[in-house]
file run06.cif (mmCIF, C-alpha atoms)
data_work
loop_
_atom_site.label_atom_id
_atom_site.label_comp_id
_atom_site.auth_asym_id
_atom_site.auth_seq_id
_atom_site.Cartn_x
_atom_site.Cartn_y
_atom_site.Cartn_z
CA MET R 119 -37.14 -0.53 -15.55
CA LYS R 120 -36.73 -2.09 -12.12
CA ILE R 121 -34.62 -5.25 -12.18
CA LEU R 122 -33.98 -7.58 -9.23
CA PHE R 123 -30.89 -9.70 -9.91
CA VAL R 124 -30.56 -12.81 -7.71
CA SER R 125 -27.16 -14.52 -7.65
CA ALA R 126 -26.03 -17.49 -5.57
CA GLU R 127 -22.28 -17.04 -6.15
CA ILE R 128 -22.07 -13.97 -8.42
CA MET R 129 -22.14 -16.28 -11.46
CA ALA R 130 -23.03 -13.50 -13.92
CA GLY R 131 -22.56 -10.33 -11.91
CA ASP R 132 -21.15 -8.36 -14.82
CA LEU R 133 -24.49 -8.78 -16.59
CA ALA R 134 -26.21 -7.06 -13.65
CA TYR R 135 -23.69 -4.23 -13.94
CA ARG R 136 -24.37 -3.84 -17.67
CA LEU R 137 -28.12 -3.83 -17.11
CA LYS R 138 -27.54 -0.87 -14.81
CA GLU R 139 -25.42 0.76 -17.52
CA GLU R 140 -28.40 0.36 -19.90
CA GLY R 141 -30.33 2.73 -17.62
CA ASN R 142 -32.22 0.31 -15.39
CA ASP R 143 -32.79 0.57 -11.65
CA VAL R 144 -30.98 -2.61 -10.53
CA LYS R 145 -30.78 -4.26 -7.12
CA LEU R 146 -28.32 -7.14 -6.68
CA TYR R 147 -28.65 -9.95 -4.15
CA ILE R 148 -25.69 -12.29 -3.47
CA GLU R 149 -26.39 -15.39 -1.39
CA HIS R 150 -22.85 -16.65 -0.67
CA PRO R 151 -21.43 -14.73 2.34
CA GLY R 152 -17.90 -14.80 0.93
CA ASP R 153 -19.09 -12.81 -2.08
CA TYR R 154 -21.09 -10.13 -0.24
CA ASP R 155 -18.54 -7.42 -1.06
CA CYS R 156 -18.48 -8.10 -4.82
CA PHE R 157 -19.74 -5.13 -6.89
CA GLU R 158 -19.76 -2.92 -3.80
CA ASN R 159 -20.12 0.75 -4.82
CA MET R 160 -20.94 -0.42 -8.36
CA ILE R 161 -24.53 -1.69 -8.01
CA GLU R 162 -27.14 -1.19 -5.29
CA LYS R 163 -27.18 -4.32 -3.11
CA THR R 164 -29.85 -6.02 -1.02
CA LEU R 165 -29.45 -8.60 1.75
CA ASP R 166 -32.89 -10.16 1.21
CA TRP R 167 -34.22 -10.51 -2.32
CA ARG R 168 -37.60 -11.75 -1.14
CA LYS R 169 -38.25 -8.42 0.58
CA GLU R 170 -37.66 -6.68 -2.77
CA ILE R 171 -40.54 -8.42 -4.60
CA ASP R 172 -42.91 -5.55 -3.80
CA TRP R 173 -40.24 -3.10 -5.00
CA VAL R 174 -39.67 -4.74 -8.40
CA THR R 175 -43.43 -5.17 -9.03
CA LYS R 176 -45.00 -7.22 -11.81
CA ASP R 177 -43.91 -4.58 -14.32
CA GLY R 178 -40.24 -5.21 -13.56
CA LEU R 179 -37.91 -8.13 -14.21
CA ILE R 180 -36.46 -10.73 -11.83
CA ILE R 181 -33.30 -12.48 -13.03
CA PHE R 182 -31.76 -15.59 -11.45
CA ASP R 183 -28.26 -16.43 -12.67
CA ASP R 184 -27.93 -19.84 -11.00
CA ILE R 185 -29.77 -23.03 -10.10
CA GLY R 186 -31.26 -23.68 -6.68
CA TYR R 187 -34.23 -21.31 -6.78
CA GLY R 188 -36.42 -23.33 -9.14
CA LYS R 189 -39.51 -23.81 -6.97
CA GLU R 190 -39.57 -20.12 -6.02
CA GLN R 191 -39.18 -19.14 -9.67
CA ASP R 192 -42.14 -21.31 -10.61
CA ASP R 193 -44.22 -19.75 -7.81
CA LEU R 194 -43.30 -16.21 -8.91
CA ARG R 195 -44.29 -16.92 -12.50
CA ARG R 196 -47.62 -18.33 -11.39
CA SER R 197 -48.13 -15.10 -9.42
CA GLY R 198 -47.63 -13.01 -12.58
CA TYR R 199 -44.02 -11.82 -12.22
CA ASN R 200 -41.59 -11.60 -15.15
CA VAL R 201 -38.89 -14.13 -14.24
CA PHE R 202 -35.82 -15.03 -16.28
CA GLY R 203 -33.93 -18.17 -15.29
CA GLY R 204 -34.57 -21.73 -14.30
CA CYS R 205 -37.39 -23.74 -12.82
CA GLU R 206 -37.66 -26.65 -10.40
CA ASP R 207 -37.40 -29.37 -13.04
CA GLY R 208 -34.63 -27.46 -14.79
CA ASP R 209 -32.60 -27.44 -11.57
CA ARG R 210 -32.94 -31.20 -11.29
CA LEU R 211 -31.83 -31.68 -14.89
CA GLU R 212 -28.48 -30.06 -14.05
CA LEU R 213 -27.95 -31.35 -10.52
CA ASP R 214 -29.05 -34.95 -11.09
CA ARG R 215 -26.96 -36.23 -13.98
CA GLU R 216 -28.46 -39.72 -13.85
CA HIS R 217 -31.94 -38.20 -14.19
CA ALA R 218 -30.71 -36.01 -17.06
CA GLN R 219 -29.57 -39.04 -19.04
CA LYS R 220 -33.03 -40.58 -18.61
CA VAL R 221 -34.63 -37.37 -19.89
CA PHE R 222 -32.19 -37.27 -22.84
CA ALA R 223 -32.99 -40.90 -23.71
CA GLY R 224 -36.72 -40.18 -23.47
CA CYS R 225 -36.26 -37.36 -25.97
CA GLY R 226 -34.51 -39.68 -28.44
CA MET R 227 -30.86 -38.86 -27.79
CA SER R 228 -28.03 -41.39 -27.48
CA THR R 229 -26.85 -41.72 -23.88
CA THR R 230 -24.01 -43.17 -21.85
CA GLU R 231 -23.91 -44.95 -18.49
CA THR R 232 -24.29 -42.35 -15.76
CA LEU R 233 -24.90 -43.27 -12.09
CA ASN R 234 -25.30 -41.20 -8.93
CA PHE R 235 -23.89 -42.38 -5.60
CA ASP R 236 -24.81 -40.95 -2.20
CA ASN R 237 -21.42 -41.83 -0.74
CA LEU R 238 -17.86 -42.44 -1.85
CA GLU R 239 -17.69 -46.07 -0.73
CA ASP R 240 -20.51 -47.21 -3.01
CA ALA R 241 -18.90 -45.40 -5.96
CA ILE R 242 -15.59 -47.16 -5.25
CA LYS R 243 -17.31 -50.56 -5.10
CA HIS R 244 -18.98 -49.91 -8.46
CA ILE R 245 -15.67 -49.11 -10.18
CA LYS R 246 -13.98 -52.19 -8.66
CA LYS R 247 -16.81 -54.37 -9.95
CA ASN R 248 -16.99 -52.91 -13.48
CA LYS R 249 -13.30 -52.09 -14.10
CA THR R 250 -13.45 -49.36 -16.76
CA ALA R 251 -12.43 -45.72 -17.10
CA TYR R 252 -14.81 -43.16 -15.60
CA ALA R 253 -15.34 -39.44 -15.27
CA VAL R 254 -15.90 -38.55 -11.61
CA LYS R 255 -18.14 -35.53 -11.01
CA GLN R 256 -19.28 -33.86 -7.82
CA ASN R 257 -22.83 -32.60 -7.94
CA ASP R 258 -22.26 -28.90 -7.24
CA HIS R 259 -20.10 -26.02 -8.55
CA ASN R 260 -16.89 -27.29 -6.93
CA SER R 261 -15.46 -28.53 -10.22
CA SER R 262 -11.94 -28.82 -8.79
CA LEU R 263 -13.04 -32.16 -7.27
CA CYS R 264 -14.07 -33.53 -10.68
CA PHE R 265 -11.71 -35.91 -12.45
CA ILE R 266 -11.48 -37.78 -15.76
CA GLY R 267 -9.73 -41.12 -15.38
CA ASN R 268 -7.12 -42.53 -17.72
CA MET R 269 -6.64 -46.07 -16.37
CA SER R 270 -8.72 -48.63 -18.26
CA ASP R 271 -9.57 -50.49 -15.04
CA GLY R 272 -10.59 -47.34 -13.17
CA SER R 273 -7.81 -47.69 -10.60
CA ASP R 274 -6.87 -43.98 -10.70
CA CYS R 275 -10.50 -43.04 -10.00
CA ILE R 276 -10.58 -45.45 -7.05
CA GLU R 277 -7.43 -43.97 -5.50
CA LEU R 278 -8.77 -40.45 -5.99
CA LEU R 279 -12.08 -41.26 -4.30
CA GLU R 280 -10.22 -42.91 -1.42
CA SER R 281 -8.23 -39.71 -0.96
CA TYR R 282 -11.44 -37.66 -0.88
CA LYS R 283 -12.37 -39.40 2.37
CA THR R 284 -9.67 -37.31 4.07
CA ILE R 285 -11.59 -34.11 3.29
CA GLY R 286 -13.64 -34.87 6.37
CA LYS R 287 -17.09 -35.21 4.91
CA ASN R 288 -18.88 -37.68 2.73
CA PHE R 289 -20.49 -36.32 -0.41
CA SER R 290 -22.40 -37.59 -3.41
CA VAL R 291 -20.64 -38.16 -6.72
CA THR R 292 -21.66 -39.15 -10.22
CA LEU R 293 -19.75 -41.71 -12.25
CA GLN R 294 -20.03 -41.42 -16.01
CA LYS R 295 -18.45 -43.95 -18.34
CA LYS R 296 -15.59 -42.20 -20.11
CA LEU R 297 -16.16 -41.23 -23.72
CA ASN R 298 -13.60 -40.36 -26.38
CA GLY R 299 -13.91 -37.80 -29.14
CA ILE R 300 -14.29 -34.02 -29.40
CA GLU R 301 -16.09 -32.24 -26.58
CA VAL R 302 -18.36 -29.43 -27.73
CA GLY R 303 -21.30 -27.56 -26.23
CA VAL R 304 -24.53 -26.55 -27.94
CA ALA R 305 -26.83 -23.99 -26.31
CA ARG R 306 -29.78 -21.73 -27.03
CA TYR R 307 -32.16 -19.45 -25.17
CA PHE R 308 -35.73 -20.66 -24.59
CA ASN R 309 -38.76 -18.54 -23.61
CA GLY R 310 -41.04 -21.28 -22.26
CA ILE R 311 -42.64 -21.76 -25.68
CA ASP R 312 -39.95 -21.57 -28.35
CA TRP R 313 -36.29 -20.89 -29.05
CA VAL R 314 -34.97 -17.33 -29.05
CA GLY R 315 -31.90 -16.35 -31.07
CA PRO R 316 -29.44 -18.58 -32.98
CA ILE R 317 -27.55 -21.68 -31.86
CA GLU R 318 -24.66 -21.01 -29.46
CA MET R 319 -21.75 -23.35 -30.18
CA ASN R 320 -18.90 -23.44 -27.66
CA VAL R 321 -15.65 -25.23 -26.95
CA GLU R 322 -14.59 -25.02 -23.31
CA HIS R 323 -11.03 -25.18 -21.98
CA LYS R 324 -11.46 -26.70 -18.52
CA ARG R 325 -7.91 -27.76 -17.69
CA PHE R 326 -5.92 -25.38 -15.53
CA MET R 327 -2.73 -25.20 -17.58
CA ASN R 328 -1.75 -24.79 -21.24
CA ASP R 329 -2.10 -27.78 -23.57
CA ASP R 330 -4.95 -29.13 -21.41
CA VAL R 331 -2.69 -30.16 -18.55
CA GLY R 332 -3.60 -30.11 -14.89
CA PRO R 333 -6.77 -30.27 -12.81
CA LEU R 334 -10.23 -29.46 -14.08
CA THR R 335 -11.52 -25.99 -13.33
CA GLY R 336 -14.87 -24.29 -13.85
CA GLU R 337 -13.31 -23.03 -17.06
CA MET R 338 -10.12 -21.25 -18.12
CA GLY R 339 -11.52 -19.96 -21.38
CA THR R 340 -14.00 -20.55 -24.18
CA VAL R 341 -14.37 -20.19 -27.92
CA MET R 342 -17.97 -19.43 -28.93
CA TRP R 343 -19.70 -18.83 -32.23
CA TYR R 344 -23.33 -18.64 -33.38
CA GLN R 345 -24.91 -20.77 -36.13
CA ASP R 346 -28.35 -21.37 -37.64
CA GLU R 347 -30.46 -24.30 -36.54
CA GLU R 348 -29.58 -26.51 -39.50
CA ASN R 349 -26.54 -27.40 -37.40
CA ARG R 350 -26.45 -31.21 -37.04
CA ILE R 351 -25.24 -31.11 -33.43
CA PHE R 352 -28.29 -29.03 -32.48
CA GLN R 353 -30.61 -31.27 -34.50
CA SER R 354 -29.27 -34.40 -32.77
CA THR R 355 -29.44 -33.10 -29.20
CA LEU R 356 -30.86 -29.79 -28.00
CA LYS R 357 -33.67 -29.56 -30.58
CA LYS R 358 -35.06 -32.85 -29.25
CA LEU R 359 -35.33 -31.33 -25.76
CA LYS R 360 -37.84 -28.66 -26.86
CA PRO R 361 -41.05 -30.52 -25.84
CA TYR R 362 -39.56 -31.17 -22.40
CA LEU R 363 -38.57 -27.50 -21.97
CA GLN R 364 -42.13 -26.50 -22.93
CA GLU R 365 -43.53 -28.98 -20.42
CA ILE R 366 -41.46 -27.64 -17.50
CA GLY R 367 -41.86 -23.96 -18.49
CA TYR R 368 -38.15 -23.21 -18.73
CA LYS R 369 -37.17 -19.60 -19.52
CA GLY R 370 -33.45 -19.09 -19.88
CA ASP R 371 -30.28 -20.36 -21.53
CA VAL R 372 -29.85 -24.13 -21.79
CA ASP R 373 -26.56 -25.75 -22.75
CA ILE R 374 -25.84 -29.41 -23.44
CA ASP R 375 -22.22 -30.52 -23.26
CA CYS R 376 -21.58 -33.28 -25.80
CA MET R 377 -18.93 -35.77 -26.83
CA VAL R 378 -18.75 -36.26 -30.60
CA ASP R 379 -16.97 -38.81 -32.75
CA GLN R 380 -17.26 -39.58 -36.46
CA ASP R 381 -20.51 -41.53 -36.12
CA GLU R 382 -22.24 -40.60 -32.88
CA ILE R 383 -22.94 -37.79 -30.43
CA TYR R 384 -23.58 -38.24 -26.71
CA PRO R 385 -25.00 -35.56 -24.41
CA ILE R 386 -22.89 -35.53 -21.23
CA GLU R 387 -24.73 -33.04 -19.03
CA ALA R 388 -26.99 -30.00 -19.08
CA THR R 389 -26.32 -26.47 -17.81
CA MET R 390 -29.69 -24.92 -16.96
CA ARG R 391 -28.60 -21.37 -16.16
CA LEU R 392 -26.33 -18.58 -17.34
CA GLY R 393 -22.94 -20.24 -17.67
CA SER R 394 -19.73 -18.56 -16.58
CA PRO R 395 -17.72 -17.49 -18.53
CA ALA R 396 -20.08 -18.27 -21.44
CA ILE R 397 -22.28 -15.29 -20.55
CA TYR R 398 -19.32 -12.95 -21.11
CA SER R 399 -18.78 -14.30 -24.63
CA GLN R 400 -22.47 -13.69 -25.26
CA ILE R 401 -22.14 -10.10 -24.03
CA GLU R 402 -19.32 -9.71 -26.56
CA ILE R 403 -21.43 -11.18 -29.37
CA HIS R 404 -24.80 -9.50 -28.77
CA ASN R 405 -25.67 -6.10 -30.22
CA SER R 406 -29.24 -6.06 -28.87
CA ARG R 407 -29.95 -4.53 -25.47
CA TRP R 408 -29.86 -7.19 -22.78
CA THR R 409 -32.80 -5.53 -21.04
CA ASP R 410 -35.07 -6.13 -24.05
CA PHE R 411 -33.70 -9.61 -24.73
CA LEU R 412 -34.11 -10.97 -21.18
CA LEU R 413 -37.52 -9.36 -20.67
CA SER R 414 -38.86 -10.93 -23.86
CA ILE R 415 -37.72 -14.37 -22.68
CA ALA R 416 -39.31 -13.83 -19.25
CA LYS R 417 -42.58 -12.80 -20.93
CA GLY R 418 -42.47 -15.70 -23.39
CA VAL R 419 -42.61 -13.57 -26.53
CA PRO R 420 -40.50 -13.67 -29.74
CA PHE R 421 -37.37 -11.52 -30.04
CA GLU R 422 -35.16 -10.81 -33.06
CA LEU R 423 -31.62 -10.89 -31.69
CA ASP R 424 -29.04 -8.65 -33.37
CA TYR R 425 -25.57 -10.18 -33.02
CA LYS R 426 -22.05 -10.17 -34.43
CA LYS R 427 -20.72 -13.02 -36.54
CA GLY R 428 -17.33 -14.57 -35.89
CA PHE R 429 -15.45 -16.37 -33.16
CA SER R 430 -15.62 -14.94 -29.65
CA LEU R 431 -12.91 -15.73 -27.09
CA VAL R 432 -13.13 -15.31 -23.33
CA ILE R 433 -10.13 -15.61 -21.00
CA THR R 434 -10.46 -16.31 -17.27
CA ILE R 435 -8.11 -14.38 -14.98
CA GLY R 436 -7.87 -15.85 -11.49
CA ILE R 437 -5.86 -15.50 -8.31
CA PRO R 438 -5.35 -17.90 -5.38
CA PRO R 439 -7.09 -19.94 -4.05
CA PHE R 440 -8.47 -20.47 -7.60
CA PRO R 441 -8.83 -23.11 -9.00
CA TYR R 442 -9.42 -24.73 -5.61
CA ARG R 443 -11.43 -23.72 -2.55
CA PHE R 444 -9.15 -23.45 0.46
CA GLU R 445 -10.82 -21.80 3.44
CA SER R 446 -7.47 -21.19 5.09
CA ILE R 447 -6.38 -18.73 2.38
CA SER R 448 -9.74 -17.62 0.97
CA GLY R 449 -9.92 -13.89 0.51
CA TYR R 450 -6.39 -13.07 1.69
CA LEU R 451 -5.91 -10.90 -1.41
CA LYS R 452 -9.07 -8.88 -0.81
CA GLY R 453 -8.52 -5.19 -1.41
CA VAL R 454 -5.54 -5.70 -3.73
CA PRO R 455 -5.84 -3.24 -6.63
CA ILE R 456 -6.53 -4.21 -10.24
CA TYR R 457 -4.27 -2.19 -12.52
CA LEU R 458 -5.60 -1.44 -16.00
CA LYS R 459 -2.81 0.09 -18.07
CA GLU R 460 -4.00 2.57 -20.71
CA PHE R 461 -7.49 1.06 -20.89
CA SER R 462 -9.74 2.99 -23.26
CA LYS R 463 -13.53 3.13 -23.06
CA ASP R 464 -13.67 0.51 -25.81
CA ASP R 465 -11.19 -1.68 -23.92
CA MET R 466 -13.46 -1.57 -20.87
CA SER R 467 -16.35 -2.97 -22.92
CA HIS R 468 -14.34 -6.21 -23.28
CA LEU R 469 -13.60 -6.48 -19.54
CA HIS R 470 -16.09 -8.36 -17.37
CA PHE R 471 -15.98 -8.14 -13.58
CA GLU R 472 -16.82 -10.90 -11.15
CA GLU R 473 -15.05 -10.78 -7.76
CA VAL R 474 -14.43 -7.03 -7.91
CA ARG R 475 -15.56 -3.95 -5.99
CA LEU R 476 -14.98 -0.23 -6.37
CA ASP R 477 -12.92 1.42 -3.64
CA LYS R 478 -12.11 5.15 -3.86
CA ASN R 479 -12.53 5.16 -7.64
CA ARG R 480 -10.30 2.16 -8.27
CA TYR R 481 -11.21 -1.48 -8.85
CA VAL R 482 -9.96 -3.92 -6.20
CA VAL R 483 -10.22 -7.65 -5.51
CA ALA R 484 -13.34 -8.81 -3.66
CA GLY R 485 -14.85 -12.21 -2.90
CA GLU R 486 -12.79 -15.17 -1.79
CA GLU R 487 -12.68 -17.80 -4.56
CA GLY R 488 -10.36 -16.01 -7.00
CA HIS R 489 -12.59 -15.59 -10.09
CA ILE R 490 -11.62 -11.96 -10.69
CA VAL R 491 -12.22 -10.78 -14.27
CA TYR R 492 -12.86 -12.14 -17.77
CA VAL R 493 -11.58 -10.64 -21.03
CA THR R 494 -13.35 -11.08 -24.38
CA SER R 495 -12.90 -10.42 -28.09
CA ILE R 496 -14.53 -11.35 -31.38
CA ASP R 497 -13.28 -11.63 -34.96
CA SER R 498 -14.03 -13.61 -38.12
CA ASN R 499 -10.53 -15.09 -37.84
CA ILE R 500 -9.60 -17.07 -34.70
CA ASP R 501 -5.98 -15.89 -34.78
CA SER R 502 -7.07 -12.25 -34.92
CA ALA R 503 -9.51 -12.84 -32.06
CA ARG R 504 -6.65 -14.35 -30.03
CA GLU R 505 -4.40 -11.37 -30.77
CA LYS R 506 -7.09 -8.93 -29.67
CA VAL R 507 -7.93 -10.66 -26.42
CA TYR R 508 -4.35 -11.29 -25.32
CA ASN R 509 -3.37 -7.70 -26.13
CA LEU R 510 -5.98 -6.64 -23.59
CA VAL R 511 -4.86 -9.26 -21.05
CA SER R 512 -1.30 -7.93 -21.29
CA LYS R 513 -2.54 -4.52 -20.08
CA ILE R 514 -3.97 -5.98 -16.85
CA THR R 515 -1.95 -6.42 -13.67
CA ILE R 516 -3.29 -8.14 -10.56
CA PRO R 517 -0.84 -9.53 -7.98
CA LYS R 518 -0.58 -13.32 -8.40
CA MET R 519 -2.87 -13.32 -11.45
CA MET R 520 -2.93 -16.46 -13.58
CA TYR R 521 -4.48 -17.44 -16.89
CA ARG R 522 -3.89 -19.72 -19.86
CA THR R 523 -2.11 -18.32 -22.91
CA ASP R 524 -3.26 -20.93 -25.43
CA ILE R 525 -7.03 -20.53 -25.54
CA GLY R 526 -8.15 -21.11 -29.13
CA ILE R 527 -4.85 -22.46 -30.51
CA ARG R 528 -6.10 -26.04 -30.98
CA PHE R 529 -9.63 -24.92 -31.75
CA MET R 530 -9.43 -24.80 -35.55
CA LYS R 531 -8.17 -28.40 -35.67
CA ASP R 532 -11.27 -29.58 -33.79
CA TYR R 533 -13.52 -27.19 -35.73
CA ASN R 534 -12.28 -28.52 -39.07
CA GLN R 535 -12.64 -32.13 -37.87
CA LEU R 536 -16.26 -31.49 -36.84
CA LYS R 537 -16.89 -30.02 -40.31
CA LYS R 538 -15.23 -33.04 -41.94
CA TRP R 539 -17.51 -35.33 -39.94
CA ASN R 540 -20.46 -33.17 -41.11
CA TRP R 541 -21.49 -32.16 -37.56
CA ILE R 542 -21.28 -28.42 -38.20
#
call {"tool": "encode", "arguments": {"input": "run06.cif", "output": "structure tokens"}}
result
Amino acid sequence: MKILFVSAEIMAGDLAYRLKEEGNDVKLYIEHPGDYDCFENMIEKTLDWRKEIDWVTKDGLIIFDDIGYGKEQDDLRRSGYNVFGGCEDGDRLELDREHAQKVFAGCGMSTTETLNFDNLEDAIKHIKKNKTAYAVKQNDHNSSLCFIGNMSDGSDCIELLESYKTIGKNFSVTLQKKLNGIEVGVARYFNGIDWVGPIEMNVEHKRFMNDDVGPLTGEMGTVMWYQDEENRIFQSTLKKLKPYLQEIGYKGDVDIDCMVDQDEIYPIEATMRLGSPAIYSQIEIHNSRWTDFLLSIAKGVPFELDYKKGFSLVITIGIPPFPYRFESISGYLKGVPIYLKEFSKDDMSHLHFEEVRLDKNRYVVAGEEGHIVYVTSIDSNIDSAREKVYNLVSKITIPKMMYRTDIGIRFMKDYNQLKKWNWI
């Protein structure tokens, strides 16, 4: 089958590579100029995805791995194309956190104070007036500028926002009243009409260093497992969003990040796309062909997903400038080889490329943000899953590579607490 894969920042590029491995004719478009060389000599590339619409035809499949193309996706669907991914209203649900909380409340979920500000000064004035702890979030993928305050009067958030003025540009931010509890994500695929597959539960590890120390990143690693829909977290949040997803015609994976305590659950934000590195855990878990799965969602028809049971781990391996975006050093490690010591064919199935290209039959660093590869495993026992994944990580050498060594260690404590509270 012909598949056109459209990616803003190579968010799920390894999925495009695996769709090619399944025997499809795949063309990959990458919007961000700094990522143009990713997957070079691995997948056929195109510099203009719109010119490939006639090539893919209405018998093929168009996949979008990121937000930002919603209106065009809606137009393509109305024209009869098979499109997997977001939609215009889905994009807004992720980008506009204040709007998302209003949608959540309208669907019957508990919500927390969430306000958008077009400039830093207005956000600072709001914190000074209300004097409480906030989570500061920038409304794009640059998660390194996000911050969760600790001071009860919000003073650390104020000083941080003041420092952001030195970046040289004013940008919008969202302030969300800080919540305490256990953070957990609940996700599921939707085909425009109904859910597809089981519930995807996930616990993200966003801090840069072990023991959840350091700045926030996109994600350093994740623990994911699948459950049936009797799950109370799903019943209290994502299930209630179904009529809205039907109304907007959403066809893709939707994830709601939540904060849970003994008595209440609050949806924090929505991810209306393929999440990274969540997609790599899903690749580890799924037995069904991704071609069949994604096409069924695009067509809006039922699909019986075959999947493994257990806990899946994914580890992020980065290099500088990760976890930040510094233009002065972006891409200076391009072309550096990725050494895979004694990797078997099975080992390779657990390795997921992102900012990588093939050069003279060896994998080398590409891109310029430092998200290089992800490593996954799955097992019924979390300790065994950790042993598997870190054994593979130990066989990888990339100059200046960095990763956390504690992904999953604290997980069972939170997992057991959620069970005690009767959430899972």
call {"tool": "residues_around", "arguments": {"input": "run06.cif", "residues": "R:Glu140", "least_positions_apart": "3", "cutoff": "10 Å", "atoms": "all atoms listed in the file", "output": "VMD selection string"}}
result
chain R and resid 119 134 to 137 143 407 to 409
call {"tool": "closest_residue", "arguments": {"input": "run06.cif", "among": "R:Glu127, R:Gly418, R:Leu297, R:Asn405", "to": "R:Tyr199", "atoms": "all atoms listed in the file"}}
result
R:Gly418
call {"tool": "resolve_selection", "arguments": {"input": "run06.cif", "expression": "the PyMOL selection byres ((chain R and resi 153) around 10)", "output": "ChimeraX atom specification"}}
result
/R:125-128,148-152,154-157,449,472-474,484-487
call {"tool": "atom_distance", "arguments": {"input": "run06.cif", "atom1": "atom CA of R:Lys296", "atom2": "atom CA of R:Val432"}}
result
27.2 Å
call {"tool": "resolve_selection", "arguments": {"input": "run06.cif", "expression": "the PyMOL selection byres ((chain R and resi 315-330) around 7)", "output": "short mmCIF file (atom, residue, chain, number, x, y, z; two decimals) with C-alpha atoms, in the frame of the given file"}}
result
data_model
loop_
_atom_site.label_atom_id
_atom_site.label_comp_id
_atom_site.auth_asym_id
_atom_site.auth_seq_id
_atom_site.Cartn_x
_atom_site.Cartn_y
_atom_site.Cartn_z
CA VAL R 302 -18.36 -29.43 -27.73
CA GLY R 303 -21.30 -27.56 -26.23
CA VAL R 304 -24.53 -26.55 -27.94
CA ALA R 305 -26.83 -23.99 -26.31
CA ARG R 306 -29.78 -21.73 -27.03
CA TYR R 307 -32.16 -19.45 -25.17
CA TRP R 313 -36.29 -20.89 -29.05
CA VAL R 314 -34.97 -17.33 -29.05
CA VAL R 331 -2.69 -30.16 -18.55
CA GLY R 332 -3.60 -30.11 -14.89
CA PRO R 333 -6.77 -30.27 -12.81
CA LEU R 334 -10.23 -29.46 -14.08
CA THR R 335 -11.52 -25.99 -13.33
CA GLY R 336 -14.87 -24.29 -13.85
CA GLU R 337 -13.31 -23.03 -17.06
CA MET R 338 -10.12 -21.25 -18.12
CA GLY R 339 -11.52 -19.96 -21.38
CA THR R 340 -14.00 -20.55 -24.18
CA VAL R 341 -14.37 -20.19 -27.92
CA MET R 342 -17.97 -19.43 -28.93
CA TRP R 343 -19.70 -18.83 -32.23
CA TYR R 344 -23.33 -18.64 -33.38
CA GLN R 345 -24.91 -20.77 -36.13
CA ASP R 346 -28.35 -21.37 -37.64
CA GLU R 347 -30.46 -24.30 -36.54
CA GLU R 422 -35.16 -10.81 -33.06
CA LEU R 423 -31.62 -10.89 -31.69
CA ARG R 522 -3.89 -19.72 -19.86
CA THR R 523 -2.11 -18.32 -22.91
CA ASP R 524 -3.26 -20.93 -25.43
#
call {"tool": "residues_near_point", "arguments": {"input": "run06.cif", "point": "(-31.9, -0.4, -9.0)", "cutoff": "8 Å", "atoms": "all atoms listed in the file", "output": "PyMOL selection string"}}
result
chain R and resi 120-122+138+142-146+161-162
call {"tool": "write_last_selection", "arguments": {"input": "run06.cif", "atoms": "C-alpha atoms", "output": "PDB file, in the frame of the given file"}}
result
ATOM      1  CA  LYS R 120     -36.730  -2.090 -12.120  1.00  0.00           C
ATOM      2  CA  ILE R 121     -34.620  -5.250 -12.180  1.00  0.00           C
ATOM      3  CA  LEU R 122     -33.980  -7.580  -9.230  1.00  0.00           C
ATOM      4  CA  LYS R 138     -27.540  -0.870 -14.810  1.00  0.00           C
ATOM      5  CA  ASN R 142     -32.220   0.310 -15.390  1.00  0.00           C
ATOM      6  CA  ASP R 143     -32.790   0.570 -11.650  1.00  0.00           C
ATOM      7  CA  VAL R 144     -30.980  -2.610 -10.530  1.00  0.00           C
ATOM      8  CA  LYS R 145     -30.780  -4.260  -7.120  1.00  0.00           C
ATOM      9  CA  LEU R 146     -28.320  -7.140  -6.680  1.00  0.00           C
ATOM     10  CA  ILE R 161     -24.530  -1.690  -8.010  1.00  0.00           C
ATOM     11  CA  GLU R 162     -27.140  -1.190  -5.290  1.00  0.00           C
TER      12      GLU R 162
END
call {"tool": "resolve_selection", "arguments": {"input": "run06.cif", "expression": "the PyMOL selection byres ((chain R and resi 204-208) around 7)", "output": "ChimeraX atom specification"}}
result
/R:185,188-189,191-192,203,209-212,366,368-370,390-391
call {"tool": "atom_distance", "arguments": {"input": "run06.cif", "atom1": "atom CA of R:Val124", "atom2": "atom CA of R:Glu387"}}
result
23.9 Å
call {"tool": "closest_residue", "arguments": {"input": "run06.cif", "among": "R:Ser354, R:Gln256, R:Asn540, R:Thr250", "to": "R:Ser270", "atoms": "all atoms listed in the file"}}
result
R:Thr250
call {"tool": "atom_distance", "arguments": {"input": "run06.cif", "atom1": "atom CA of R:Leu451", "atom2": "atom CA of R:Asn159"}}
result
18.7 Å
call {"tool": "residues_around", "arguments": {"input": "run06.cif", "residues": "stretch 243-246 of chain R", "least_positions_apart": "3", "cutoff": "9 Å", "atoms": "all atoms listed in the file", "output": "list in words"}}
result
Leu238, Glu239, Asp240, Lys249, Thr250, Ala251, Tyr252, Asp271, Gly272, Ser273, Cys275, Ile276 and Leu293 of chain R
call {"tool": "closest_residue", "arguments": {"input": "run06.cif", "among": "R:Ile415, R:Cys376, R:Leu476, R:Val493", "to": "R:Thr389", "atoms": "all atoms listed in the file"}}
result
R:Cys376
call {"tool": "closest_residue", "arguments": {"input": "run06.cif", "among": "R:Leu510, R:Phe222, R:Ala503, R:Lys357", "to": "R:Gly428", "atoms": "all atoms listed in the file"}}
result
R:Ala503
